[in-house]
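First the structure, in the form of structure tokens, and then the observations on it.
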Amino acid sequence: MTSDVPPLPPFHLTARPWSPAQIPREAYLRRLENLCRFLARNQAANGAIIDPLLGREHQYATPYFACAVAVLLNEGTAADLKDNGLRAMDHATACFAGGSDAIPDRHGEFFATSLAEALELYRNIARSQQIDSWSNRLAVPREDIFRGPLNNWRTYAMRGEWLRARLGLVPVSSARDFIEKAWRNEGQRLRIVQDRWNLYQDRETDPESHAVEAVGRVNILALVEAGYDGPSAPEMRALTERATAVTLLLQDPSGQCPPNGRADNHIWNDALYQLAFEILAERKAAAGQLIDAGRYRRAAELAFQSIARWQRNDKDWVGSFYITKNHFDPRQRVGYQEASNCANYNASLALHLAQAVRIRQSEIPEQPTPAEIGGFALETDKAFASVVANAGGMQLFAALRGDTRPVYGNYWTPLGILRFGRSGWDSRLGPSDGLRDAATGRGISFAPTWLENGQWVRMADVPERYQGYFSVSFAHPLVVRCVIDYRPRDGHGPLFHHELILTPDGVLATLRAENANQFGVTWPLLENDGTALHCRQTDNIAATAFTANADEQCFILVNTPQGRLQPETQLRGSYGWLRPLRAVSPGGTNTTFVYPRSPGDPSAETVRDSFQLTATGFRSALGEVRGTLYIGRTSAGGDGTELDLDGDGHPEIIFGRECRFIVQKNGNRPIAIETDRDVLVRIGKREWKTKAYQPLSLL
């Protein structure tokens, strides 16, 4: 077990004005109830939930629905769904009693967890005869039920067996033996303990799946939460808590969990993140660690916001959710894996929302999350081969390796930078993911493109040939400087050096190449996610937005008046149709500024016209980077002994010794300050003494 803690940002102040989301627990319940009503409309007379597109019961939709309804009933709502819940419970337990072959699609592991949880909830709702009947059915020997693979399916079995033991349906000692064997002898422990950050390795795609990672980790996290007391419980708890802390860094500032790997960009991915964060929020609150508890509560609410936007209101689908993060007709199965269907994945959302409701019992004041504060650059284990960097809530996420073989008909992870997100901004525009098309092998990511044998090659096209290498030179909540070097695996081909400067306003990406005469950068422009977006293009700018006068993603060629943008053929990924734009600059460098713009921010044209590269950074209408210092519209800071806010050559703020600091400001007036050590601060004729990592109001 790795002993070091994940590098969570120690600072508290944010680069942009911040306010709590204040999402009440009742909001979870309302979304859950609407979803359960949709599922109930697709219930057969025998209690089974029928997939409206498949026309049959599929996987675990029925027991998940039964459990979700039980949570609603215990919360004193949706009383009219009681009969639906009882019929679903009756049908699902009858399937369970028949063993694996009687369970839809042989998903017994999934039935065990949800039915045991549901049985406990129905004790004060159903008749005693029903409870007795269901209990007898759920006491089936596990050998008749658990016949699935030993990847994340086994974690469902572990959790389900403990819940059955807790209800007296199987002997506690037998359940402990089963769980300990699965953990120690069947590889579950190794999937976590061998990972650099203790993320769960499902081992079905290469690189690993961040989506399915959450499944195994959250099942084990919840197993301990359910009171598991076997010999390995302390280790399980420590490992999964450490990994969940790391996922605070991987979550994007709008609440989405990271892309990459099998089943990524499905709505239920975010629901698992929400559930894990709620568990940690309650644990930290119970331990009196209120700052950490507030971060986890905020992260859970951001995940919920990301989920909530996908609930449907259109005819025949009211209350349901899209399966993947787009607005295409579900019959087109955009971004789906083989298992992706309407009933099972809507029911999965229902179950995890219901579990989050049950976990969330305390009122916890929110605190900014690490993804909203920034100041980090993290590389995951080589099995995941992903990196995340964040300055002031401006985040990028990249894959250092790409899929080289399709799994379930898809390449799940393209090579290159896949996501740009920003706090308080619609990260779907980022784009939120790249893609590689299984039919053509063509890919799209924000990464180098070059002319080879008369054809333009994009980095995402050739994961068999190239790999990325990540390095960091400076990381502060307002400035992060890092590099991705793309090198050919066999030593033959151009070498690319992508320097990245992240600030709260955007990312300056400067590409240089060796052994490439003509090269540029691919800009992935989201054009249609089932509905056409508002897109525009000039010689030096490309931008996209969902509606006019709304959040907009802008790609800007800076300091290159002779730049060229060449549109290439669209490809469709999980978020929609991406247009690759080939941005080529004359000379030996390509400099792009990625600018996530909100209404009221300077226009992309204003930023382009004002942009100046300097010896130590750059300046524009948005702000300025001077080496390790950043001066923006609402914040300033970095590493040093003084700060000149207005650029007149005379520092307004002087520190008693060198430190790292953040200053929140209104115009050129400092309003709050935070430093990484105790230090004397002089502003004008006044002095303050700061304490390390304790924000000080100057008002």
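By order in the structure tokens, chains are A, B, ...; within a chain, residues start at 1; ligands start at 1, following the order shown.
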
Discussion item. Can you pull out the residues contacting A:Gln305? Cut-off 12 Å, using only C-alpha atoms, and skip same-chain residues under 6 positions away; I want them as a list in words.
Written reply: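 Non-adjacent residues within range: Ala21, Gln22, Ile23, Pro24, Ala27, Tyr28, Arg31, Pro253, Ser254, Gly255, Gln256, Cys257, Ile267, Asp270, Ala271, Tyr273, Gln274, Arg298, Ala299, Gln311, Gly424 and Asp426 of chain A.
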
Selection: 7 Å around A:Arg582, only C-alpha atoms, excl. self and same-chain fewer than 4 positions, as a PyMOL selection string: chain A and resi 520-523+565-567

Min atom-atom distance to A:Lys691 from the set A:Leu629, A:Val679, A:Leu81, A:Ala61, counting only C-alpha atoms, belongs to A:Val679

Give me the residues near A:Tyr595 as a list in words, where near means some atom within 8 Å (using only C-alpha atoms) and where sequence neighbours in that chain fewer than 3 positions away do not count. Asp505, Gly506, Val507, Gln553, Cys554, Phe555, Ile556 and Ala604 of chain A

Exercise. Would you list the contacts of A:Val594 as a PyMOL selection string, taking every protein, DNA or RNA residue within 12 Å and counting only C-alpha atoms, but skipping same-chain residues closer than 2 positions in sequence?
Key: chain A and resi 394-396+417+419-422+429-431+446+500-510+521+523-525+541-543+552-558+591-592+596-597+604+607-608

I'd like to know which of A:Asp144, A:Asp316, A:Glu180, A:Glu241 is closest to A:Gly99, using only C-alpha atoms.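 Checking each candidate against A:Gly99, we get A:Asp144 as the closest.
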
- Item | 9 Å contact set for stretch 473-479 of chain A, only C-alpha atoms, chain neighbours under 2 positions out, as a ChimeraX atom specification | /A:9,11,13-15,373-377,389-393,471,481-483,501-504,625,628-631,635-639,660-662

With C-alpha atoms retained, export the selected residues as a PDB file, in the first residue's frame.
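This is the output file again_4.pdb:
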```pdb
ATOM      1  CA  PRO A   9      -4.242  21.734  -3.144  1.00  0.00           C
ATOM      2  CA  PHE A  11      -4.977  26.683  -0.780  1.00  0.00           C
ATOM      3  CA  LEU A  13      -9.104  30.955  -2.214  1.00  0.00           C
ATOM      4  CA  THR A  14     -10.441  30.689  -5.756  1.00  0.00           C
ATOM      5  CA  ALA A  15      -9.359  32.671  -8.792  1.00  0.00           C
ATOM      6  CA  ILE A 373      -9.059  26.029  -6.907  1.00  0.00           C
ATOM      7  CA  GLY A 374      -6.369  24.476  -9.108  1.00  0.00           C
ATOM      8  CA  GLY A 375      -2.648  24.433  -8.529  1.00  0.00           C
ATOM      9  CA  PHE A 376      -1.883  20.863  -9.526  1.00  0.00           C
ATOM     10  CA  ALA A 377      -0.708  18.643 -12.359  1.00  0.00           C
ATOM     11  CA  ALA A 389      -3.584  19.928 -14.932  1.00  0.00           C
ATOM     12  CA  ASN A 390      -5.519  22.801 -13.394  1.00  0.00           C
ATOM     13  CA  ALA A 391      -4.860  26.476 -12.674  1.00  0.00           C
ATOM     14  CA  GLY A 392      -7.590  28.531 -11.038  1.00  0.00           C
ATOM     15  CA  GLY A 393     -10.347  26.195 -12.173  1.00  0.00           C
ATOM     16  CA  SER A 471       6.484  16.916 -17.291  1.00  0.00           C
ATOM     17  CA  ARG A 481       3.492  25.266 -16.630  1.00  0.00           C
ATOM     18  CA  CYS A 482       3.746  21.776 -18.113  1.00  0.00           C
ATOM     19  CA  VAL A 483       4.760  19.968 -21.291  1.00  0.00           C
ATOM     20  CA  ILE A 501       0.692  27.473 -19.679  1.00  0.00           C
ATOM     21  CA  LEU A 502      -2.580  27.254 -17.768  1.00  0.00           C
ATOM     22  CA  THR A 503      -4.183  30.298 -16.152  1.00  0.00           C
ATOM     23  CA  PRO A 504      -7.720  30.888 -14.847  1.00  0.00           C
ATOM     24  CA  VAL A 625       1.743  35.971 -16.930  1.00  0.00           C
ATOM     25  CA  THR A 628       5.688  32.502 -12.015  1.00  0.00           C
ATOM     26  CA  LEU A 629       3.272  35.412 -11.482  1.00  0.00           C
ATOM     27  CA  TYR A 630      -0.245  35.865 -12.838  1.00  0.00           C
ATOM     28  CA  ILE A 631      -2.265  39.101 -12.781  1.00  0.00           C
ATOM     29  CA  SER A 635      -7.148  37.455  -8.878  1.00  0.00           C
ATOM     30  CA  ALA A 636      -3.371  37.632  -8.922  1.00  0.00           C
ATOM     31  CA  GLY A 637      -0.564  35.636  -7.411  1.00  0.00           C
ATOM     32  CA  GLY A 638       2.260  33.222  -7.842  1.00  0.00           C
ATOM     33  CA  ASP A 639       5.706  32.850  -6.325  1.00  0.00           C
ATOM     34  CA  ARG A 660       3.510  31.476  -2.802  1.00  0.00           C
ATOM     35  CA  PHE A 661       0.350  33.522  -2.587  1.00  0.00           C
ATOM     36  CA  ILE A 662      -3.108  34.221  -3.985  1.00  0.00           C
TER      37      ILE A 662
END
```

Leaving out A:Asn515 and any residue of its chain fewer than 2 positions from it, which residues lie within 12 Å of it when counting only C-alpha atoms, given as a PDB file with N, CA and C atoms, in the first residue's frame?
```
ATOM      1  N   TRP A 450       0.550  16.729 -38.816  1.00  0.00           N
ATOM      2  CA  TRP A 450       1.709  16.992 -39.674  1.00  0.00           C
ATOM      3  C   TRP A 450       1.525  16.337 -41.032  1.00  0.00           C
ATOM      4  N   LEU A 451       2.263  16.885 -42.011  1.00  0.00           N
ATOM      5  CA  LEU A 451       2.203  16.394 -43.381  1.00  0.00           C
ATOM      6  C   LEU A 451       3.207  15.271 -43.553  1.00  0.00           C
ATOM      7  N   GLU A 452       2.705  14.105 -43.993  1.00  0.00           N
ATOM      8  CA  GLU A 452       3.553  12.917 -44.128  1.00  0.00           C
ATOM      9  C   GLU A 452       3.168  12.193 -45.413  1.00  0.00           C
ATOM     10  N   ARG A 487       6.509  11.360 -28.754  1.00  0.00           N
ATOM     11  CA  ARG A 487       7.664  10.718 -29.366  1.00  0.00           C
ATOM     12  C   ARG A 487       7.237   9.432 -30.063  1.00  0.00           C
ATOM     13  N   PRO A 488       7.826   9.151 -31.225  1.00  0.00           N
ATOM     14  CA  PRO A 488       7.507   7.892 -31.903  1.00  0.00           C
ATOM     15  C   PRO A 488       8.036   6.700 -31.114  1.00  0.00           C
ATOM     16  N   GLY A 491      11.180   5.339 -32.685  1.00  0.00           N
ATOM     17  CA  GLY A 491      12.246   6.298 -32.933  1.00  0.00           C
ATOM     18  C   GLY A 491      12.208   6.948 -34.296  1.00  0.00           C
ATOM     19  N   HIS A 492      11.268   6.540 -35.144  1.00  0.00           N
ATOM     20  CA  HIS A 492      11.193   7.078 -36.496  1.00  0.00           C
ATOM     21  C   HIS A 492       9.964   7.971 -36.626  1.00  0.00           C
ATOM     22  N   GLY A 493      10.206   9.237 -36.975  1.00  0.00           N
ATOM     23  CA  GLY A 493       9.108  10.173 -37.131  1.00  0.00           C
ATOM     24  C   GLY A 493       9.391  11.467 -36.403  1.00  0.00           C
ATOM     25  N   PRO A 494       8.609  12.491 -36.657  1.00  0.00           N
ATOM     26  CA  PRO A 494       8.828  13.789 -35.998  1.00  0.00           C
ATOM     27  C   PRO A 494       8.653  13.691 -34.485  1.00  0.00           C
ATOM     28  N   LEU A 495       9.349  14.567 -33.775  1.00  0.00           N
ATOM     29  CA  LEU A 495       9.177  14.725 -32.333  1.00  0.00           C
ATOM     30  C   LEU A 495       8.452  16.045 -32.101  1.00  0.00           C
ATOM     31  N   PHE A 496       7.488  16.032 -31.194  1.00  0.00           N
ATOM     32  CA  PHE A 496       6.682  17.223 -30.929  1.00  0.00           C
ATOM     33  C   PHE A 496       6.779  17.592 -29.451  1.00  0.00           C
ATOM     34  N   HIS A 497       6.908  18.893 -29.217  1.00  0.00           N
ATOM     35  CA  HIS A 497       7.068  19.449 -27.872  1.00  0.00           C
ATOM     36  C   HIS A 497       5.955  20.467 -27.671  1.00  0.00           C
ATOM     37  N   ARG A 512       6.221  22.992 -30.851  1.00  0.00           N
ATOM     38  CA  ARG A 512       7.430  22.974 -31.666  1.00  0.00           C
ATOM     39  C   ARG A 512       7.676  21.546 -32.127  1.00  0.00           C
ATOM     40  N   ALA A 513       8.393  21.409 -33.231  1.00  0.00           N
ATOM     41  CA  ALA A 513       8.602  20.079 -33.796  1.00  0.00           C
ATOM     42  C   ALA A 513      10.035  19.918 -34.279  1.00  0.00           C
ATOM     43  N   ASN A 517       8.491  19.320 -41.504  1.00  0.00           N
ATOM     44  CA  ASN A 517       8.560  20.562 -42.267  1.00  0.00           C
ATOM     45  C   ASN A 517       7.251  21.335 -42.212  1.00  0.00           C
ATOM     46  N   GLN A 518       6.139  20.644 -42.286  1.00  0.00           N
ATOM     47  CA  GLN A 518       4.833  21.285 -42.198  1.00  0.00           C
ATOM     48  C   GLN A 518       4.049  20.613 -41.076  1.00  0.00           C
ATOM     49  N   PHE A 519       3.619  21.405 -40.118  1.00  0.00           N
ATOM     50  CA  PHE A 519       2.872  20.847 -38.995  1.00  0.00           C
ATOM     51  C   PHE A 519       1.957  21.918 -38.420  1.00  0.00           C
ATOM     52  N   GLY A 588       8.514  28.068 -37.206  1.00  0.00           N
ATOM     53  CA  GLY A 588       8.801  26.842 -36.466  1.00  0.00           C
ATOM     54  C   GLY A 588       7.962  26.597 -35.248  1.00  0.00           C
TER      55      GLY A 588
END
```

At a cut-off of 6 Å, using only C-alpha atoms, what residues contact stretch 107-115 of chain A? Leave out same-chain residues fewer than 4 positions from it and give the result as a list in words. Gln59, Pro63, Tyr64, Ser100, Leu119, Ile145, Phe146, Tyr156, Ala157 and Gly160 of chain A

Q) In Å, how far is it from atom CA of A:Asp105 to atom CA of A:Arg262? A)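 Result for atom CA of A:Asp105 versus atom CA of A:Arg262: 19.4 Å, one decimal.
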
Fill in: stretch 168-322 of chain A: residues DSSP assigns to helix (DSSP H, G or I), reported as a ChimeraX atom specification
/A:172-184,188-193,210-225,233-250,267-286,290-308

Restricting to only C-alpha atoms, whichever of A:Leu239, A:Ala88, A:Val357, A:Leu138 is closest to A:Gly168 is A:Leu138
